[in-house]
>>> print(open('input33.csv').read())   # CSV, C-alpha atoms
chain,number,residue,atom,x,y,z
Y,1176,MET,CA,-25.7,-22.7,-9.2
Y,1177,ALA,CA,-23.5,-22.1,-12.2
Y,1178,ASP,CA,-19.7,-21.7,-11.9
Y,1179,PRO,CA,-18.0,-18.3,-12.3
Y,1180,SER,CA,-16.4,-17.9,-15.7
Y,1181,PHE,CA,-14.6,-14.7,-16.6
Y,1182,SER,CA,-13.7,-13.0,-19.9
Y,1183,LEU,CA,-11.5,-9.9,-20.3
Y,1184,THR,CA,-13.7,-7.0,-21.5
Y,1185,VAL,CA,-13.4,-3.2,-21.2
Y,1186,PRO,CA,-16.5,-2.2,-19.2
Y,1187,GLU,CA,-18.5,0.9,-20.3
Y,1188,GLY,CA,-16.8,4.1,-19.1
Y,1189,ASP,CA,-13.5,2.4,-18.4
Y,1190,ASP,CA,-10.4,2.2,-20.4
Y,1191,ILE,CA,-8.7,-1.0,-19.2
Y,1192,ALA,CA,-9.9,-4.6,-19.8
Y,1193,ARG,CA,-11.3,-6.1,-16.6
Y,1194,LYS,CA,-12.5,-9.6,-15.8
Y,1195,VAL,CA,-16.2,-9.8,-16.4
Y,1196,CYS,CA,-18.2,-12.9,-15.3
Y,1197,ASP,CA,-19.9,-14.5,-18.3
Y,1198,THR,CA,-22.6,-15.9,-16.0
Y,1199,CYS,CA,-23.6,-12.9,-13.9
Y,1200,GLY,CA,-21.9,-9.8,-15.4
Y,1201,PHE,CA,-20.0,-9.0,-12.3
Y,1202,VAL,CA,-16.9,-6.9,-13.0
Y,1203,ALA,CA,-14.1,-8.3,-10.9
Y,1204,TYR,CA,-11.9,-5.1,-10.5
Y,1205,GLU,CA,-8.5,-6.3,-9.5
Y,1206,ASN,CA,-6.2,-4.0,-7.5
Y,1207,PRO,CA,-2.7,-4.2,-6.3
Y,1208,LYS,CA,-2.4,-5.9,-2.9
Y,1209,ILE,CA,-0.7,-4.5,0.2
Y,1210,VAL,CA,1.6,-6.9,2.1
Y,1211,VAL,CA,2.5,-5.9,5.7
Y,1212,GLY,CA,5.3,-7.6,7.5
Y,1213,SER,CA,8.0,-7.1,10.1
Y,1214,VAL,CA,11.7,-7.8,10.8
Y,1215,VAL,CA,11.4,-8.9,14.4
Y,1216,ARG,CA,14.5,-8.7,16.7
Y,1217,HIS,CA,14.8,-10.3,20.1
Y,1218,ASP,CA,18.1,-10.4,22.1
Y,1219,GLY,CA,20.0,-9.6,19.0
Y,1220,ARG,CA,18.5,-12.4,17.0
Y,1221,ILE,CA,15.9,-12.3,14.2
Y,1222,LEU,CA,12.6,-14.2,14.1
Y,1223,LEU,CA,11.9,-16.2,10.9
Y,1224,CYS,CA,9.1,-18.6,10.0
Y,1225,ARG,CA,9.4,-21.7,7.8
Y,1226,ARG,CA,6.5,-21.7,5.4
Y,1227,ALA,CA,4.0,-24.5,5.6
Y,1228,ILE,CA,2.1,-23.3,2.5
Y,1229,GLU,CA,2.8,-22.6,-1.1
Y,1230,PRO,CA,4.4,-20.7,-2.7
Y,1231,ARG,CA,7.8,-21.5,-1.4
Y,1232,ARG,CA,6.8,-24.1,1.1
Y,1233,GLY,CA,9.7,-25.1,3.4
Y,1234,PHE,CA,11.5,-21.8,2.8
Y,1235,TRP,CA,12.1,-19.2,5.5
Y,1236,THR,CA,10.4,-15.8,5.6
Y,1237,ILE,CA,9.6,-12.9,7.9
Y,1238,PRO,CA,6.1,-12.8,9.4
Y,1239,ALA,CA,4.1,-11.0,6.7
Y,1240,GLY,CA,0.8,-11.3,4.7
Y,1241,TYR,CA,-2.0,-9.4,3.1
Y,1242,LEU,CA,-3.5,-6.4,4.8
Y,1243,GLU,CA,-7.2,-7.0,5.6
Y,1244,LEU,CA,-10.1,-4.6,5.1
Y,1245,ASN,CA,-10.4,-1.8,7.7
Y,1246,GLU,CA,-7.0,-2.6,9.2
Y,1247,THR,CA,-4.1,-0.2,9.7
Y,1248,PRO,CA,-0.8,-1.5,8.3
Y,1249,GLU,CA,0.7,-1.7,11.8
Y,1250,ASP,CA,-2.3,-3.7,13.1
Y,1251,GLY,CA,-2.0,-6.0,10.0
Y,1252,ALA,CA,1.7,-6.5,10.7
Y,1253,ARG,CA,1.0,-7.4,14.3
Y,1254,ARG,CA,-1.9,-9.8,13.3
Y,1255,GLU,CA,0.4,-11.6,10.8
Y,1256,ALA,CA,3.0,-12.2,13.5
Y,1257,ARG,CA,0.3,-13.5,15.8
Y,1258,GLU,CA,-1.0,-15.9,13.1
Y,1259,GLU,CA,2.2,-17.1,11.7
Y,1260,ALA,CA,4.5,-17.0,14.7
Y,1261,ARG,CA,2.2,-16.8,17.7
Y,1262,ALA,CA,4.2,-13.7,18.6
Y,1263,THR,CA,3.2,-10.4,20.1
Y,1264,LEU,CA,5.1,-7.5,18.5
Y,1265,ALA,CA,6.1,-4.0,19.5
Y,1266,ILE,CA,6.4,-2.1,16.3
Y,1267,GLU,CA,9.3,0.4,16.2
Y,1268,ARG,CA,9.0,2.1,12.8
Y,1269,LEU,CA,8.5,1.7,9.0
Y,1270,LEU,CA,11.7,0.0,7.7
Y,1271,ALA,CA,11.0,-0.3,3.9
Y,1272,VAL,CA,8.4,0.2,1.2
Y,1273,TYR,CA,9.0,-2.3,-1.6
Y,1274,SER,CA,7.2,-2.7,-4.9
Y,1275,VAL,CA,6.8,-5.9,-6.8
Y,1276,PRO,CA,4.9,-4.8,-9.9
Y,1277,ARG,CA,5.0,-8.2,-11.7
Y,1278,ILE,CA,2.6,-9.5,-9.0
Y,1279,SER,CA,1.1,-6.1,-8.2
Y,1280,GLN,CA,2.3,-5.9,-4.6
Y,1281,VAL,CA,3.3,-3.1,-2.4
Y,1282,GLN,CA,5.0,-4.2,0.7
Y,1283,LEU,CA,5.2,-2.2,3.9
Y,1284,ILE,CA,7.9,-3.7,6.2
Y,1285,TYR,CA,8.3,-2.6,9.8
Y,1286,ARG,CA,11.1,-3.0,12.4
Y,1287,ALA,CA,9.7,-4.6,15.5
Y,1288,SER,CA,10.7,-6.5,18.6
Y,1289,LEU,CA,8.9,-9.2,20.7
Y,1290,ALA,CA,6.6,-7.5,23.3
Y,1291,GLU,CA,6.5,-10.8,25.0
Y,1292,PRO,CA,9.1,-13.5,24.9
Y,1293,GLY,CA,7.0,-16.5,23.6
Y,1294,PHE,CA,6.5,-17.6,20.0
Y,1295,ALA,CA,5.5,-20.8,18.2
Y,1296,ALA,CA,4.6,-22.0,14.7
Y,1297,GLY,CA,1.1,-21.0,13.6
Y,1298,PRO,CA,-0.9,-23.1,11.1
Y,1299,GLU,CA,0.9,-21.5,8.1
Y,1300,SER,CA,4.4,-22.2,9.5
Y,1301,LEU,CA,6.3,-25.5,9.9
Y,1302,ASP,CA,8.7,-23.9,12.3
Y,1303,VAL,CA,9.6,-20.5,13.9
Y,1304,ARG,CA,13.0,-19.7,15.2
Y,1305,LEU,CA,15.3,-16.9,16.3
Y,1306,PHE,CA,18.5,-16.7,14.2
Y,1307,ALA,CA,21.7,-15.0,15.1
Y,1308,GLU,CA,22.7,-12.8,12.1
Y,1309,ASP,CA,25.5,-15.3,11.0
Y,1310,GLU,CA,23.0,-18.2,11.3
Y,1311,ILE,CA,20.4,-16.9,8.9
Y,1312,PRO,CA,19.7,-19.5,6.2
Y,1313,TYR,CA,20.2,-17.2,3.2
Y,1314,ASP,CA,20.1,-20.0,0.7
Y,1315,GLU,CA,16.6,-21.0,2.0
Y,1316,LEU,CA,14.9,-17.6,2.1
Y,1317,ALA,CA,11.5,-17.5,0.5
Y,1318,PHE,CA,11.4,-14.3,-1.5
Y,1319,PRO,CA,13.7,-11.6,-2.8
Y,1320,SER,CA,12.1,-9.0,-0.5
Y,1321,VAL,CA,13.0,-11.1,2.5
Y,1322,HIS,CA,16.7,-10.8,1.5
Y,1323,TRP,CA,16.2,-7.0,1.0
Y,1324,ALA,CA,14.4,-6.6,4.4
Y,1325,LEU,CA,17.1,-8.5,6.3
Y,1326,GLY,CA,19.8,-6.5,4.6
Y,1327,HIS,CA,18.0,-3.2,5.3
Y,1328,ASP,CA,17.3,-4.1,8.9
Y,1329,ARG,CA,21.0,-4.8,9.3
Y,1330,GLU,CA,21.8,-1.3,7.9
Y,1331,ALA,CA,19.3,0.2,10.3
Y,1332,GLU,CA,20.8,-1.7,13.2
Y,1333,ALA,CA,24.2,-0.3,12.2
Y,1334,GLY,CA,22.9,3.3,12.4
Y,1335,ALA,CA,21.4,4.1,9.0
Y,1336,PRO,CA,18.9,7.1,9.3
Y,1337,PRO,CA,15.3,6.1,9.8
Y,1338,ILE,CA,14.3,6.8,6.2
Y,1339,PRO,CA,12.5,3.8,4.8
Y,1340,PHE,CA,14.4,1.8,2.3
Y,1341,SER,CA,13.0,0.8,-1.1
Y,1342,ASN,CA,13.8,-1.7,-3.8
Y,1343,PRO,CA,17.5,-2.2,-4.4
Y,1344,ASP,CA,18.6,-0.4,-7.6
Y,1345,GLY,CA,17.2,-2.1,-10.7
Y,1346,GLU,CA,15.4,-4.8,-8.7
Y,1347,THR,CA,11.7,-5.5,-9.2
Y,1348,GLY,CA,11.4,-8.6,-7.1
Y,1349,SER,CA,11.6,-11.0,-10.1
Y,1350,ARG,CA,14.8,-12.8,-9.1
Y,1351,MET,CA,16.6,-14.1,-6.0
Y,1352,PRO,CA,20.1,-12.8,-5.2
Y,1353,SER,CA,21.3,-16.1,-6.6
Y,1354,GLY,CA,20.0,-15.1,-10.0
Y,1355,GLU,CA,17.1,-17.6,-9.9
Y,1356,ARG,CA,14.1,-16.2,-11.8
Y,1357,LEU,CA,10.7,-16.3,-10.2
Y,1358,GLY,CA,7.6,-17.4,-12.1
Y,1359,VAL,CA,4.4,-15.4,-12.2
Y,1360,ASP,CA,2.9,-17.8,-9.6
Y,1361,ARG,CA,5.6,-16.9,-7.1
Y,1362,MET,CA,5.5,-14.1,-4.6
B,1461,MET,CA,-27.4,-13.0,-18.4
B,1462,ALA,CA,-28.4,-12.8,-14.7
B,1463,ASP,CA,-27.3,-9.9,-12.5
B,1464,PRO,CA,-24.6,-10.4,-9.9
B,1465,SER,CA,-26.1,-10.7,-6.4
B,1466,PHE,CA,-23.8,-11.2,-3.4
B,1467,SER,CA,-24.3,-12.6,0.1
B,1468,LEU,CA,-21.8,-12.5,3.0
B,1469,THR,CA,-20.6,-16.1,3.6
B,1470,VAL,CA,-17.4,-17.6,5.1
B,1471,PRO,CA,-15.9,-19.7,2.3
B,1472,GLU,CA,-14.4,-23.1,3.1
B,1473,GLY,CA,-11.0,-22.8,4.5
B,1474,ASP,CA,-11.4,-19.2,5.3
B,1475,ASP,CA,-12.2,-17.5,8.6
B,1476,ILE,CA,-13.7,-14.2,7.4
B,1477,ALA,CA,-17.1,-13.6,5.7
B,1478,ARG,CA,-16.6,-12.7,2.0
B,1479,LYS,CA,-19.0,-11.6,-0.6
B,1480,VAL,CA,-20.1,-14.7,-2.5
B,1481,CYS,CA,-22.2,-14.4,-5.7
B,1482,ASP,CA,-25.6,-16.1,-5.3
B,1483,THR,CA,-25.7,-16.6,-9.1
B,1484,CYS,CA,-22.3,-18.0,-9.9
B,1485,GLY,CA,-20.5,-18.7,-6.6
B,1486,PHE,CA,-17.6,-16.4,-7.3
B,1487,VAL,CA,-15.9,-15.2,-4.1
B,1488,ALA,CA,-15.3,-11.5,-4.4
B,1489,TYR,CA,-12.3,-11.1,-2.1
B,1490,GLU,CA,-12.0,-7.4,-1.3
B,1491,ASN,CA,-8.7,-6.0,-0.3
B,1492,PRO,CA,-7.6,-2.6,0.9
B,1493,LYS,CA,-6.7,-0.2,-1.9
B,1494,ILE,CA,-3.5,1.8,-2.5
B,1495,VAL,CA,-3.8,5.4,-3.3
B,1496,VAL,CA,-0.8,7.1,-4.8
B,1497,GLY,CA,-0.4,10.9,-5.0
B,1498,SER,CA,1.9,13.8,-4.9
B,1499,VAL,CA,2.4,17.2,-3.4
B,1500,VAL,CA,3.7,19.0,-6.5
B,1501,ARG,CA,5.7,22.3,-6.1
B,1502,HIS,CA,6.7,24.7,-8.9
B,1503,ASP,CA,8.3,28.1,-8.3
B,1504,GLY,CA,7.4,27.9,-4.6
B,1505,ARG,CA,3.7,27.3,-5.4
B,1506,ILE,CA,1.6,24.1,-5.0
B,1507,LEU,CA,-0.4,22.4,-7.7
B,1508,LEU,CA,-4.0,21.6,-6.8
B,1509,CYS,CA,-6.9,20.1,-8.8
B,1510,ARG,CA,-10.6,21.0,-8.4
B,1511,ARG,CA,-12.5,17.7,-8.5
B,1512,ALA,CA,-15.0,17.2,-11.4
B,1513,ILE,CA,-16.3,13.9,-9.9
B,1514,GLU,CA,-17.8,12.6,-6.7
B,1515,PRO,CA,-17.0,12.3,-3.9
B,1516,ARG,CA,-16.3,15.9,-3.0
B,1517,ARG,CA,-16.9,17.4,-6.5
B,1518,GLY,CA,-15.9,21.0,-6.6
B,1519,PHE,CA,-13.3,20.6,-3.8
B,1520,TRP,CA,-9.6,20.9,-4.2
B,1521,THR,CA,-7.2,18.0,-4.0
B,1522,ILE,CA,-3.6,16.9,-4.8
B,1523,PRO,CA,-3.2,14.7,-7.9
B,1524,ALA,CA,-3.8,11.2,-6.6
B,1525,GLY,CA,-5.7,8.0,-7.3
B,1526,TYR,CA,-5.7,4.2,-7.2
B,1527,LEU,CA,-2.6,2.3,-8.0
B,1528,GLU,CA,-3.2,0.0,-11.0
B,1529,LEU,CA,-2.1,-3.6,-11.5
B,1530,ASN,CA,1.6,-4.1,-12.4
B,1531,GLU,CA,2.5,-0.4,-11.6
B,1532,THR,CA,5.1,0.9,-9.2
B,1533,PRO,CA,3.8,3.5,-6.7
B,1534,GLU,CA,6.0,6.2,-8.3
B,1535,ASP,CA,4.7,5.3,-11.8
B,1536,GLY,CA,1.2,5.5,-10.5
B,1537,ALA,CA,1.7,8.9,-8.9
B,1538,ARG,CA,3.1,10.2,-12.2
B,1539,ARG,CA,0.2,8.7,-14.1
B,1540,GLU,CA,-2.4,10.3,-11.9
B,1541,ALA,CA,-0.8,13.7,-12.3
B,1542,ARG,CA,-0.8,13.2,-16.1
B,1543,GLU,CA,-4.5,12.2,-16.0
B,1544,GLU,CA,-5.8,14.8,-13.6
B,1545,ALA,CA,-3.5,17.7,-14.2
B,1546,ARG,CA,-1.9,17.0,-17.6
B,1547,ALA,CA,1.4,17.5,-15.6
B,1548,THR,CA,4.7,15.7,-16.0
B,1549,LEU,CA,6.3,15.1,-12.6
B,1550,ALA,CA,9.8,14.6,-11.2
B,1551,ILE,CA,9.3,12.7,-8.0
B,1552,GLU,CA,11.7,13.6,-5.2
B,1553,ARG,CA,10.9,11.2,-2.4
B,1554,LEU,CA,8.2,9.5,-0.3
B,1555,LEU,CA,6.6,12.2,1.9
B,1556,ALA,CA,4.0,10.3,3.9
B,1557,VAL,CA,2.2,6.9,4.4
B,1558,TYR,CA,-1.3,7.5,5.6
B,1559,SER,CA,-3.9,4.9,6.6
B,1560,VAL,CA,-7.7,5.4,6.4
B,1561,PRO,CA,-9.0,2.1,7.8
B,1562,ARG,CA,-12.7,3.1,7.6
B,1563,ILE,CA,-12.5,3.0,3.8
B,1564,SER,CA,-9.6,0.5,3.7
B,1565,GLN,CA,-7.1,2.8,2.1
B,1566,VAL,CA,-3.3,3.1,2.4
B,1567,GLN,CA,-2.0,6.2,0.8
B,1568,LEU,CA,1.5,6.7,-0.4
B,1569,ILE,CA,2.1,10.4,-0.9
B,1570,TYR,CA,5.3,11.7,-2.7
B,1571,ARG,CA,7.0,15.1,-2.9
B,1572,ALA,CA,7.4,16.1,-6.5
B,1573,SER,CA,8.0,19.0,-8.8
B,1574,LEU,CA,7.0,19.8,-12.4
B,1575,ALA,CA,9.5,18.2,-14.8
B,1576,GLU,CA,7.9,20.4,-17.5
B,1577,PRO,CA,6.1,23.8,-16.9
B,1578,GLY,CA,2.7,23.0,-18.5
B,1579,PHE,CA,-0.5,21.7,-16.8
B,1580,ALA,CA,-4.2,21.7,-17.6
B,1581,ALA,CA,-7.4,20.2,-16.2
B,1582,GLY,CA,-7.9,16.5,-17.3
B,1583,PRO,CA,-11.3,14.9,-17.5
B,1584,GLU,CA,-11.6,14.4,-13.7
B,1585,SER,CA,-10.7,18.0,-12.9
B,1586,LEU,CA,-12.7,21.2,-13.3
B,1587,ASP,CA,-9.6,23.3,-12.8
B,1588,VAL,CA,-5.9,23.0,-12.0
B,1589,ARG,CA,-4.0,25.8,-10.5
B,1590,LEU,CA,-0.7,26.7,-8.7
B,1591,PHE,CA,-1.3,28.2,-5.3
B,1592,ALA,CA,1.1,30.2,-3.1
B,1593,GLU,CA,1.1,28.8,0.4
B,1594,ASP,CA,-1.0,31.7,1.7
B,1595,GLU,CA,-3.6,31.3,-1.1
B,1596,ILE,CA,-4.4,27.6,-0.5
B,1597,PRO,CA,-8.2,27.2,-0.2
B,1598,TYR,CA,-8.1,25.3,3.1
B,1599,ASP,CA,-11.9,25.5,3.6
B,1600,GLU,CA,-12.4,23.8,0.2
B,1601,LEU,CA,-10.0,20.9,0.4
B,1602,ALA,CA,-11.5,17.6,-0.5
B,1603,PHE,CA,-10.2,15.1,2.1
B,1604,PRO,CA,-8.5,15.1,5.5
B,1605,SER,CA,-5.4,13.6,4.0
B,1606,VAL,CA,-5.0,16.5,1.6
B,1607,HIS,CA,-4.8,18.8,4.7
B,1608,TRP,CA,-2.2,16.4,6.3
B,1609,ALA,CA,-0.1,16.2,3.1
B,1610,LEU,CA,0.0,19.9,2.6
B,1611,GLY,CA,1.0,20.4,6.3
B,1612,HIS,CA,3.6,17.7,6.1
B,1613,ASP,CA,5.0,19.1,2.8
B,1614,ARG,CA,5.3,22.5,4.5
B,1615,GLU,CA,7.3,20.8,7.4
B,1616,ALA,CA,9.5,19.1,4.8
B,1617,GLU,CA,10.1,22.4,3.0
B,1618,ALA,CA,11.1,23.9,6.4
B,1619,GLY,CA,13.8,21.3,6.8
B,1620,ALA,CA,12.1,18.3,8.6
B,1621,PRO,CA,14.2,15.1,8.0
B,1622,PRO,CA,13.2,12.9,5.1
B,1623,ILE,CA,11.3,10.4,7.2
B,1624,PRO,CA,7.8,9.8,5.9
B,1625,PHE,CA,5.1,11.3,8.0
B,1626,SER,CA,2.0,9.2,8.9
B,1627,ASN,CA,-1.4,10.0,10.3
B,1628,PRO,CA,-1.5,12.9,12.8
B,1629,ASP,CA,-1.9,11.5,16.3
B,1630,GLY,CA,-5.4,10.0,16.9
B,1631,GLU,CA,-6.6,10.8,13.3
B,1632,THR,CA,-8.0,8.0,11.2
B,1633,GLY,CA,-9.2,10.1,8.3
B,1634,SER,CA,-12.8,10.2,9.5
B,1635,ARG,CA,-13.1,14.0,10.0
B,1636,MET,CA,-12.0,17.2,8.4
B,1637,PRO,CA,-9.9,19.6,10.5
B,1638,SER,CA,-13.1,21.7,10.9
B,1639,GLY,CA,-14.6,18.8,12.8
B,1640,GLU,CA,-16.9,17.7,9.9
B,1641,ARG,CA,-17.5,14.0,10.1
B,1642,LEU,CA,-17.1,12.1,6.8
B,1643,GLY,CA,-19.6,9.4,5.8
B,1644,VAL,CA,-18.7,5.9,4.7
B,1645,ASP,CA,-19.2,6.9,1.1
B,1646,ARG,CA,-16.6,9.6,1.3
B,1647,MET,CA,-12.9,9.2,0.7
>>> encode(input="input33.csv", output="structure tokens")
Amino acid sequence: MADPSFSLTVPEGDDIARKVCDTCGFVAYENPKIVVGSVVRHDGRILLCRRAIEPRRGFWTIPAGYLELNETPEDGARREAREEARATLAIERLLAVYSVPRISQVQLIYRASLAEPGFAAGPESLDVRLFAEDEIPYDELAFPSVHWALGHDREAEAGAPPIPFSNPDGETGSRMPSGERLGVDRM
Amino acid sequence: MADPSFSLTVPEGDDIARKVCDTCGFVAYENPKIVVGSVVRHDGRILLCRRAIEPRRGFWTIPAGYLELNETPEDGARREAREEARATLAIERLLAVYSVPRISQVQLIYRASLAEPGFAAGPESLDVRLFAEDEIPYDELAFPSVHWALGHDREAEAGAPPIPFSNPDGETGSRMPSGERLGVDRM
């Protein structure tokens, strides 16, 4: 069997260049991806997972990942928490809708709590822990949107109305709050 | 060049069957798609487009379509209104987040108004019109979520708080309000 090999070509009837396989002619339409995740609270603390995989291995994140086919966003958020944190969630409501156009992502982030008290590191996590708000390792968070989600969840906890937050003004997910720029290979 | 020909196979390291090309080995990961659209008001009336393309050719819809790569949802909603209704939108806020898992769609629907008064049918529309609320052709709407969005926009107009709506209870986008079931080929 030959290997797939793609060239950028505008297919007939289209107006945008797509990846077309030189071997078989398949047009690999690429679409933005939907990330679903949750800020999970339990006893006033927040659940974070230390990533076992790239990008940002070793950094802390909220349970989140790509929505699968035929899945509702809430089901996807619950599945990701099961996979990454062996946790069973009760989803409360939509907290935020973020957009990271550089990497073609739309993120739907929910507020949730643990429906059962247990949790453990799944195969994509090195560690899973509950952090009090003043213990959160802000210097070791994986992605800008993890910072945003934790800040927005804190505002929600303090009584902000249940309107979903979106990107902080002027932010497109290309830099960490420290100013560090993220490459195209980074979430 | 051979034709693409796909079989369902679980790739190494994965746990879900994906479409793998028999000719070149390319794994065609399929992901849910993001639809962005708007309920557009002008002078108390609502802008609808009569579809020139399948599915549901001849039926009325709000301007909406697939989000493109590297696009924010708001930019995508404005682009779709330009393409389908030659309209320039001012987006007000997120009205609804709908999920249609049968066809793996997440829909982000905005409230908007016309930033400029003009509009006209684009290539994917047979007609574009402004309808007073009591003139909306409810029997000729294209998709369940068009019904939902118009109903939710009416609630927003009547003073509902700016929390995005989601699917009506128990609805997954598989049937019209009339009870008509939609096939897998339908949006």
>>> interface_residues(input="input33.csv", of="chain B", to="chain Y", cutoff="10 Å", atoms="only C-alpha atoms", output="MDAnalysis selection string")
chainID B and resid 1461:1466 1476 1481:1494 1526:1534 1554 1557:1566 1568 1621:1624 1626 1632
>>> residues_around(input="input33.csv", residues="Glu1255 (chain Y)", least_positions_apart="5", cutoff="9 Å", atoms="all atoms listed in the file", output="list of chain:residue names")
Y:Val1211, Y:Gly1212, Y:Ser1213, Y:Pro1238, Y:Ala1239, Y:Gly1240, Y:Tyr1241, Y:Leu1242, Y:Asp1250, Y:Ala1260, Y:Arg1261, Y:Ala1262
>>> atom_distance(input="input33.csv", atom1="CA of Glu1259 (chain Y)", atom2="CA of Leu1468 (chain B)")
25.9 Å
>>> residues_around(input="input33.csv", residues="region 1589-1591 of chain B", least_positions_apart="3", cutoff="7 Å", atoms="all atoms listed in the file", output="VMD selection string")
chain B and resid 1505 to 1509 1595 to 1596
>>> residues_around(input="input33.csv", residues="Ala1227 (chain Y)", least_positions_apart="3", cutoff="12 Å", atoms="only C-alpha atoms", output="JSON, numbers by chain")
{"Y": [1224, 1230, 1231, 1232, 1233, 1234, 1235, 1236, 1259, 1260, 1296, 1297, 1298, 1299, 1300, 1301, 1302, 1303, 1317]}
>>> atom_distance(input="input33.csv", atom1="CA of Arg1542 (chain B)", atom2="CA of Gly1578 (chain B)")
10.7 Å
>>> atom_distance(input="input33.csv", atom1="CA of Thr1469 (chain B)", atom2="CA of Val1195 (chain Y)")
21.4 Å
>>> closest_residue(input="input33.csv", among="B:Leu1549, B:Ala1592, B:Arg1538, B:Val1495", to="Ser1605 (chain B)", atoms="all atoms listed in the file")
B:Val1495
>>> closest_residue(input="input33.csv", among="B:Gly1536, B:Gly1473, B:Pro1597, B:Gly1504", to="Gln1567 (chain B)", atoms="all atoms listed in the file")
B:Gly1536
>>> closest_residue(input="input33.csv", among="B:Ala1580, B:Leu1642, B:Leu1574, B:Ile1569", to="Asp1503 (chain B)", atoms="only C-alpha atoms")
B:Leu1574
